[in-house]
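Let me begin by presenting the structure, written as structure tokens, before commenting on it.
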Amino acid sequence: MKSLSERDQKHLWHPLTQHKLHPKMLGIVKAKGAVLVDEHGKEYIDGISSWYTSVYGHCNDAIIAKVYAQMQQLDQVVFSGFTHEPAIALSEALISLLPQNQEKLFFSDNGSTATEIGIKMALQYHHNLGKKRSVLLAFEDGFHGDTFGAMSVSGLSVYNGPFEDYFIDVKRIPVPTEDNLGSLLHELENTMDLDAVAGFIYEPLVQGAAAMKMHKAEHLEKILKVVKSHGVLTIADEVMTGFGKTGRYFASDHMTEKPDIICMSKALTAGMLPMAVTSCTQKVYDAFYSDDIAKGLFHGHTYTANPLACAAALAGIELLTSEEIQKNIGRIIQWHQKFDAEIKDHPKVAATRQTGIIYALDLDVVMERYGNVRDKLFQHFMGSGVFLRPLGNTIYISAPYIITKDEMQRIYDSIREVLEKF
Ligand SMILES: *Cc1c(COP(=O)(O)O)cnc(C)c1O
């Protein structure tokens, strides 16, 4: 019988892949807790929670039970003109979890649509109020997804050349640091025309795709204050940072200045089903609330608020707010701190950083053969039964909250081996 890897090549076209250079995919047959199992029976510890989704562990029994029960009750129904218990219960649970100023939820299917909707909300908000604001503000090296609006605001879109002519008008600012904060605030206040800016979209505290680049809450807070004072809507892209990863429910919880709009996906549905939510304040919603039908937000996806995905999200929130998961998050934060103290002065370590359960280290390696280093690292980790996905010379961990101490130790050991071997 042919392997999954061989059968795959006939009809499948994978994301973010140049198939001529990387023709072979690894067949995965099963997952449980923090462990993935491949078609040869080899096990891997999922050190990145399958792109930050499966934070309560794969095939979590509590989530399966709730989704299964929902499957027998109501599977799918149009969300325009109809509503249902799972969406309503989820709205109640999410609103009590989100920063206090959030009031309304708009559903979609993935992180890109969540930010796309946030962008459309910001643009149409000003349009509905009769103001011309057509520019968006975003961080350099930000990543917000692969649809057109999301690509436009993503500074990291290195392979988006064919589409750039069609992008939205975006102004970019660097992420704040101790060194640039003063000049950055000065530029925002004095040289930039913030009154033409509809919205500022940002990944709060951690820029995932930019190799877990981190900035300080107090610095971001200052930027938010300035742009808000000019009527710019703030859009927190919490697709990666949401649901506990920074040690709080949301990265925005680390600041007193709250965003007008929040984008969520990834861990929202605990890695079980695809779904996204864009939340906003009453003020944003009110700008669309009108006798004029054209002032509504005419955006909708067929599977909007799918009851099964809502059930998975509800089960996930129940776990997130449990004492056990909160305790687990706390201990992972401590494990990382201890590991960091051990390795940060190693000659091969150029820099380390941590926000909540996200830990990253930059290797001090020659970067001229960028791709090669990354591929060699990846192969080393997979060989040692650890699924980590280095970005350039950055190795990062964003493991499921339920990971055991032994499993985390195996991730650390595998990184220690890199420091000795490379
Ligand atoms: C992954 C990600 C997205 C895009 O989400 P998709 O579900 O892959 O479309 C957007 N923003 C951030 C911060 C992300 O990490």
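Following the order of the structure tokens, chains are lettered A, B, ..., residues in each are numbered from 1, and ligands are numbered from 1.
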
Counting only C-alpha atoms and all ligand atoms, what are the residues, protein, DNA or RNA alike, that approach ligand 1 to within 7 Å? I want them as a ChimeraX atom specification.
/A:110-113,115,143-146,203,207-209,237-240,265-266

Any chance you can output those residues with all heavy atoms as a CSV table (one decimal), in the first residue's frame?
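Output below, filename result.csv:
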chain,number,residue,atom,x,y,z
A,110,ASN,N,-12.0,32.2,10.0
A,110,ASN,CA,-10.5,32.0,10.3
A,110,ASN,C,-9.9,33.3,10.6
A,110,ASN,O,-10.5,34.4,10.6
A,110,ASN,CB,-9.8,31.4,9.0
A,110,ASN,CG,-10.0,32.2,7.8
A,110,ASN,OD1,-9.5,33.3,7.7
A,110,ASN,ND2,-10.8,31.8,6.9
A,111,GLY,N,-8.6,33.3,11.0
A,111,GLY,CA,-7.9,34.5,11.4
A,111,GLY,C,-7.9,35.6,10.4
A,111,GLY,O,-8.1,36.8,10.7
A,112,SER,N,-7.7,35.2,9.1
A,112,SER,CA,-7.7,36.2,8.1
A,112,SER,C,-9.0,36.9,7.9
A,112,SER,O,-9.1,38.2,7.8
A,112,SER,CB,-7.3,35.6,6.7
A,112,SER,OG,-6.1,34.9,6.8
A,113,THR,N,-10.1,36.2,8.0
A,113,THR,CA,-11.4,36.8,7.9
A,113,THR,C,-11.7,37.6,9.1
A,113,THR,O,-12.4,38.7,9.0
A,113,THR,CB,-12.6,35.8,7.6
A,113,THR,OG1,-12.5,34.8,8.7
A,113,THR,CG2,-12.5,35.1,6.3
A,115,THR,N,-9.6,39.4,10.8
A,115,THR,CA,-8.9,40.7,10.6
A,115,THR,C,-9.5,41.5,9.5
A,115,THR,O,-9.7,42.7,9.5
A,115,THR,CB,-7.4,40.6,10.4
A,115,THR,OG1,-7.1,39.8,9.3
A,115,THR,CG2,-6.7,40.0,11.6
A,143,PHE,N,1.8,40.5,11.0
A,143,PHE,CA,1.2,39.5,10.1
A,143,PHE,C,-0.3,39.4,10.5
A,143,PHE,O,-0.6,39.2,11.7
A,143,PHE,CB,1.8,38.1,10.2
A,143,PHE,CG,1.1,37.1,9.4
A,143,PHE,CD1,1.2,37.1,8.0
A,143,PHE,CD2,0.2,36.1,10.0
A,143,PHE,CE1,0.4,36.2,7.2
A,143,PHE,CE2,-0.5,35.2,9.2
A,143,PHE,CZ,-0.4,35.3,7.8
A,144,HIS,N,-1.2,39.5,9.5
A,144,HIS,CA,-2.6,39.6,9.9
A,144,HIS,C,-3.4,38.6,9.0
A,144,HIS,O,-4.7,38.6,9.0
A,144,HIS,CB,-3.2,41.0,9.8
A,144,HIS,CG,-2.4,41.9,10.7
A,144,HIS,ND1,-2.6,41.9,12.1
A,144,HIS,CD2,-1.5,42.9,10.5
A,144,HIS,CE1,-1.8,42.8,12.6
A,144,HIS,NE2,-1.1,43.4,11.7
A,145,GLY,N,-2.8,37.9,8.1
A,145,GLY,CA,-3.5,36.9,7.3
A,145,GLY,C,-3.3,37.1,5.8
A,145,GLY,O,-2.5,37.9,5.4
A,146,ASP,N,-4.0,36.2,5.0
A,146,ASP,CA,-3.7,36.1,3.6
A,146,ASP,C,-4.9,36.6,2.7
A,146,ASP,O,-4.7,36.4,1.5
A,146,ASP,CB,-3.4,34.7,3.3
A,146,ASP,CG,-2.0,34.3,3.9
A,146,ASP,OD1,-1.2,35.2,4.0
A,146,ASP,OD2,-1.7,33.1,4.1
A,203,GLU,N,-0.6,43.4,16.4
A,203,GLU,CA,-0.6,42.2,17.2
A,203,GLU,C,-0.1,42.6,18.6
A,203,GLU,O,1.1,43.0,18.7
A,203,GLU,CB,0.4,41.1,16.6
A,203,GLU,CG,0.0,40.6,15.3
A,203,GLU,CD,1.2,39.9,14.6
A,203,GLU,OE1,1.4,38.7,14.8
A,203,GLU,OE2,1.8,40.6,13.8
A,207,GLN,N,4.5,39.5,18.1
A,207,GLN,CA,4.3,39.3,16.7
A,207,GLN,C,4.7,37.9,16.3
A,207,GLN,O,5.9,37.6,16.2
A,207,GLN,CB,5.0,40.4,15.9
A,207,GLN,CG,4.6,41.8,16.1
A,207,GLN,CD,5.4,42.8,15.3
A,207,GLN,OE1,6.6,42.9,15.5
A,207,GLN,NE2,4.7,43.4,14.4
A,208,GLY,N,3.7,37.0,16.1
A,208,GLY,CA,4.0,35.6,16.0
A,208,GLY,C,4.8,35.3,14.7
A,208,GLY,O,5.9,34.7,14.8
A,209,ALA,N,4.3,35.7,13.6
A,209,ALA,CA,5.0,35.3,12.3
A,209,ALA,C,6.3,36.0,12.2
A,209,ALA,O,7.2,35.6,11.4
A,209,ALA,CB,4.1,35.7,11.1
A,237,ASP,N,-5.3,42.5,16.9
A,237,ASP,CA,-5.3,41.1,16.2
A,237,ASP,C,-4.8,40.1,17.3
A,237,ASP,O,-3.6,39.9,17.4
A,237,ASP,CB,-4.4,41.1,15.0
A,237,ASP,CG,-4.4,39.8,14.3
A,237,ASP,OD1,-4.9,38.8,14.9
A,237,ASP,OD2,-3.8,39.7,13.2
A,238,GLU,N,-5.7,39.5,18.0
A,238,GLU,CA,-5.4,38.6,19.0
A,238,GLU,C,-5.6,37.1,18.6
A,238,GLU,O,-5.8,36.2,19.3
A,238,GLU,CB,-6.2,38.8,20.3
A,238,GLU,CG,-6.0,40.2,20.9
A,238,GLU,CD,-5.5,40.1,22.4
A,238,GLU,OE1,-5.0,39.0,22.8
A,238,GLU,OE2,-5.6,41.1,23.1
A,239,VAL,N,-5.5,37.0,17.2
A,239,VAL,CA,-5.7,35.6,16.7
A,239,VAL,C,-4.6,34.6,17.3
A,239,VAL,O,-5.0,33.5,17.6
A,239,VAL,CB,-5.5,35.7,15.1
A,239,VAL,CG1,-5.5,34.3,14.5
A,239,VAL,CG2,-6.7,36.4,14.5
A,240,MET,N,-3.4,35.1,17.5
A,240,MET,CA,-2.4,34.2,18.1
A,240,MET,C,-2.3,34.4,19.6
A,240,MET,O,-2.2,33.4,20.3
A,240,MET,CB,-1.0,34.5,17.4
A,240,MET,CG,0.0,33.5,17.7
A,240,MET,SD,0.8,33.6,19.3
A,240,MET,CE,1.8,35.1,19.1
A,265,SER,N,-9.2,33.9,16.7
A,265,SER,CA,-9.4,32.6,16.0
A,265,SER,C,-8.5,31.6,16.7
A,265,SER,O,-8.3,31.7,17.9
A,265,SER,CB,-9.2,32.8,14.5
A,265,SER,OG,-9.6,31.6,13.8
A,266,LYS,N,-7.8,30.8,15.9
A,266,LYS,CA,-6.8,29.8,16.4
A,266,LYS,C,-7.4,29.1,17.7
A,266,LYS,O,-8.2,28.3,17.6
A,266,LYS,CB,-5.5,30.5,16.6
A,266,LYS,CG,-4.9,30.8,15.2
A,266,LYS,CD,-3.4,31.1,15.2
A,266,LYS,CE,-2.9,31.0,13.8
A,266,LYS,NZ,-2.2,32.2,13.3

At a cut-off of 7 Å, using only C-alpha atoms, what residues contact stretch 383-385 of chain A? Leave out same-chain residues fewer than 5 positions from it and give the result as a PyMOL selection string.
chain A and resi 43-45+414

Take the residues just selected and output them with N, CA, C and O atoms as a compact mmCIF listing (two decimals), in the first residue's frame.
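Saved the output as selection.txt:
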# COMPACT_ATOMS: atom_id res chain seq x y z
N GLU A 43 6.26 9.24 17.40
CA GLU A 43 5.54 10.27 18.16
C GLU A 43 6.32 11.58 18.22
O GLU A 43 7.55 11.57 18.26
N TYR A 44 5.58 12.67 18.22
CA TYR A 44 6.19 14.00 18.31
C TYR A 44 5.45 14.81 19.36
O TYR A 44 4.21 14.83 19.36
N ILE A 45 6.18 15.52 20.19
CA ILE A 45 5.53 16.44 21.12
C ILE A 45 5.23 17.72 20.36
O ILE A 45 6.11 18.32 19.74
N SER A 414 15.92 18.81 23.67
CA SER A 414 16.17 18.86 22.23
C SER A 414 16.79 20.21 21.84
O SER A 414 17.66 20.27 20.96

Which stretch 41-95 of chain A residues have any atom within 8 Å of an atom of stretch 295-312 of chain A, and for each, what is the nearest pair of atoms with distance in Å to one decimal, counting only C-alpha atoms, rows sorted by chain and number, as CSV?
residue,atom,partner,partner_atom,distance
A:Ile63,CA,A:Ala312,CA,5.9
A:Ile64,CA,A:Ala312,CA,7.8
A:Lys66,CA,A:Ala311,CA,6.2
A:Val67,CA,A:Ala311,CA,5.5
A:Gln70,CA,A:Leu308,CA,6.1
A:Met71,CA,A:Leu308,CA,6.5
A:Leu74,CA,A:Pro307,CA,6.8
A:Asp75,CA,A:Pro307,CA,6.0
A:Gln76,CA,A:Asn306,CA,5.7
A:Val77,CA,A:Asn306,CA,7.3
A:Val78,CA,A:Thr302,CA,7.2
A:Phe79,CA,A:Thr304,CA,6.1
A:His84,CA,A:Pro307,CA,7.5
A:Pro86,CA,A:Cys310,CA,5.5
A:Ala87,CA,A:Cys310,CA,5.8
A:Leu90,CA,A:Cys310,CA,6.4

Restricting it to N, CA, C and O atoms, dump the selection as a PDB file, in the first residue's frame.
ATOM      1  N   ILE A  63     -13.983  18.386  25.240  1.00  0.00           N
ATOM      2  CA  ILE A  63     -14.429  19.128  24.054  1.00  0.00           C
ATOM      3  C   ILE A  63     -15.172  18.200  23.103  1.00  0.00           C
ATOM      4  O   ILE A  63     -16.235  18.551  22.578  1.00  0.00           O
ATOM      5  N   ILE A  64     -14.619  16.997  22.911  1.00  0.00           N
ATOM      6  CA  ILE A  64     -15.283  16.019  22.033  1.00  0.00           C
ATOM      7  C   ILE A  64     -16.713  15.771  22.509  1.00  0.00           C
ATOM      8  O   ILE A  64     -17.656  15.769  21.707  1.00  0.00           O
ATOM      9  N   LYS A  66     -18.765  17.651  24.204  1.00  0.00           N
ATOM     10  CA  LYS A  66     -19.673  18.786  23.979  1.00  0.00           C
ATOM     11  C   LYS A  66     -20.004  18.944  22.486  1.00  0.00           C
ATOM     12  O   LYS A  66     -21.135  19.265  22.128  1.00  0.00           O
ATOM     13  N   VAL A  67     -19.004  18.736  21.635  1.00  0.00           N
ATOM     14  CA  VAL A  67     -19.254  18.862  20.192  1.00  0.00           C
ATOM     15  C   VAL A  67     -20.171  17.721  19.734  1.00  0.00           C
ATOM     16  O   VAL A  67     -21.106  17.932  18.957  1.00  0.00           O
ATOM     17  N   GLN A  70     -23.702  18.405  20.661  1.00  0.00           N
ATOM     18  CA  GLN A  70     -24.253  19.439  19.776  1.00  0.00           C
ATOM     19  C   GLN A  70     -24.591  18.865  18.397  1.00  0.00           C
ATOM     20  O   GLN A  70     -25.589  19.238  17.786  1.00  0.00           O
ATOM     21  N   MET A  71     -23.755  17.931  17.933  1.00  0.00           N
ATOM     22  CA  MET A  71     -23.981  17.297  16.623  1.00  0.00           C
ATOM     23  C   MET A  71     -25.326  16.610  16.547  1.00  0.00           C
ATOM     24  O   MET A  71     -25.945  16.525  15.494  1.00  0.00           O
ATOM     25  N   LEU A  74     -28.220  20.100  16.757  1.00  0.00           N
ATOM     26  CA  LEU A  74     -28.332  21.046  15.639  1.00  0.00           C
ATOM     27  C   LEU A  74     -26.953  21.186  15.010  1.00  0.00           C
ATOM     28  O   LEU A  74     -26.005  21.573  15.688  1.00  0.00           O
ATOM     29  N   ASP A  75     -26.828  20.843  13.730  1.00  0.00           N
ATOM     30  CA  ASP A  75     -25.510  20.835  13.097  1.00  0.00           C
ATOM     31  C   ASP A  75     -25.174  22.163  12.427  1.00  0.00           C
ATOM     32  O   ASP A  75     -24.104  22.721  12.605  1.00  0.00           O
ATOM     33  N   GLN A  76     -26.134  22.700  11.662  1.00  0.00           N
ATOM     34  CA  GLN A  76     -25.852  23.924  10.912  1.00  0.00           C
ATOM     35  C   GLN A  76     -27.156  24.591  10.563  1.00  0.00           C
ATOM     36  O   GLN A  76     -28.151  23.915  10.276  1.00  0.00           O
ATOM     37  N   VAL A  77     -27.179  25.905  10.626  1.00  0.00           N
ATOM     38  CA  VAL A  77     -28.348  26.643  10.159  1.00  0.00           C
ATOM     39  C   VAL A  77     -27.874  28.033   9.733  1.00  0.00           C
ATOM     40  O   VAL A  77     -26.839  28.514  10.223  1.00  0.00           O
ATOM     41  N   VAL A  78     -28.591  28.631   8.815  1.00  0.00           N
ATOM     42  CA  VAL A  78     -28.258  29.973   8.345  1.00  0.00           C
ATOM     43  C   VAL A  78     -28.285  30.940   9.537  1.00  0.00           C
ATOM     44  O   VAL A  78     -29.190  30.882  10.361  1.00  0.00           O
ATOM     45  N   PHE A  79     -27.268  31.810   9.648  1.00  0.00           N
ATOM     46  CA  PHE A  79     -27.196  32.728  10.797  1.00  0.00           C
ATOM     47  C   PHE A  79     -27.714  34.117  10.446  1.00  0.00           C
ATOM     48  O   PHE A  79     -27.583  35.054  11.201  1.00  0.00           O
ATOM     49  N   HIS A  84     -29.256  30.676  17.460  1.00  0.00           N
ATOM     50  CA  HIS A  84     -29.310  29.402  18.191  1.00  0.00           C
ATOM     51  C   HIS A  84     -28.550  29.494  19.510  1.00  0.00           C
ATOM     52  O   HIS A  84     -27.721  30.388  19.706  1.00  0.00           O
ATOM     53  N   PRO A  86     -26.043  27.705  20.972  1.00  0.00           N
ATOM     54  CA  PRO A  86     -24.571  27.722  21.096  1.00  0.00           C
ATOM     55  C   PRO A  86     -23.959  29.102  20.798  1.00  0.00           C
ATOM     56  O   PRO A  86     -23.022  29.516  21.496  1.00  0.00           O
ATOM     57  N   ALA A  87     -24.496  29.808  19.807  1.00  0.00           N
ATOM     58  CA  ALA A  87     -23.947  31.137  19.489  1.00  0.00           C
ATOM     59  C   ALA A  87     -24.250  32.123  20.612  1.00  0.00           C
ATOM     60  O   ALA A  87     -23.401  32.940  20.986  1.00  0.00           O
ATOM     61  N   LEU A  90     -22.156  31.269  23.637  1.00  0.00           N
ATOM     62  CA  LEU A  90     -20.767  31.665  23.394  1.00  0.00           C
ATOM     63  C   LEU A  90     -20.606  33.184  23.497  1.00  0.00           C
ATOM     64  O   LEU A  90     -19.605  33.673  24.038  1.00  0.00           O
TER      65      LEU A  90
END

Among stretch 282-363 of chain A, which ones does DSSP place in strand (DSSP E or B), written as a PyMOL selection string?
chain A and resi 349-355+358-363

Atom CA of A:Gln409 to atom CA of A:Phe339: how many Å, to one decimal?
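Here the two named atoms are 9.3 Å from each other.
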
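Picture a line from atom CA of A:Asp46 to atom CA of A:Phe381; it runs 10.8 Å.
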
Which value, in Å to one decimal, gives the distance between atom CA of A:Gly247 and atom CA of A:Asp345?
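Interatomic distance here is 25.0 Å.
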
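The residue that comes closest to A:Ile201, out of A:Leu123, A:Ala267, A:Asn160, A:His219 and on the basis of only C-alpha atoms, is A:Leu123.
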
Would you mind listing what lies within 12 Å of stretch 251-255 of chain A as number ranges by chain, with only C-alpha atoms counted and same-chain residues fewer than 3 positions away left out?
A: 97-102, 202-207, 214-225, 234-248, 258-264, 355-358

Just the residues within 7 Å of stretch 320-332 of chain A, please, counting only C-alpha atoms, with nothing from its chain fewer than 2 positions along; format it as a count of residues only.
10

With only C-alpha atoms as the atoms that count, which of A:Gln337, A:Ser183, A:Gln18, A:Thr191 lies nearest to A:Thr352?
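Ranked by minimum distance to A:Thr352, first place goes to A:Gln337.
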
Residues near A:Asp141, cut-off 8 Å, only C-alpha atoms, skip fewer than 3 positions along chain, as a PDB file with C-alpha atoms, in the first residue's frame:
ATOM      1  CA  SER A 154       0.840  42.605   6.827  1.00  0.00           C
ATOM      2  CA  GLY A 155       4.349  44.026   6.692  1.00  0.00           C
ATOM      3  CA  LEU A 156       5.714  40.536   6.379  1.00  0.00           C
ATOM      4  CA  GLN A 207       4.250  39.318  16.676  1.00  0.00           C
ATOM      5  CA  ALA A 210       7.817  37.833  12.837  1.00  0.00           C
TER       6      ALA A 210
END

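Among the candidates A:Val418, A:Met25, A:Val135, A:Ile395, the residue lying nearest to A:Ala211 is A:Ile395 (atoms considered: only C-alpha atoms).
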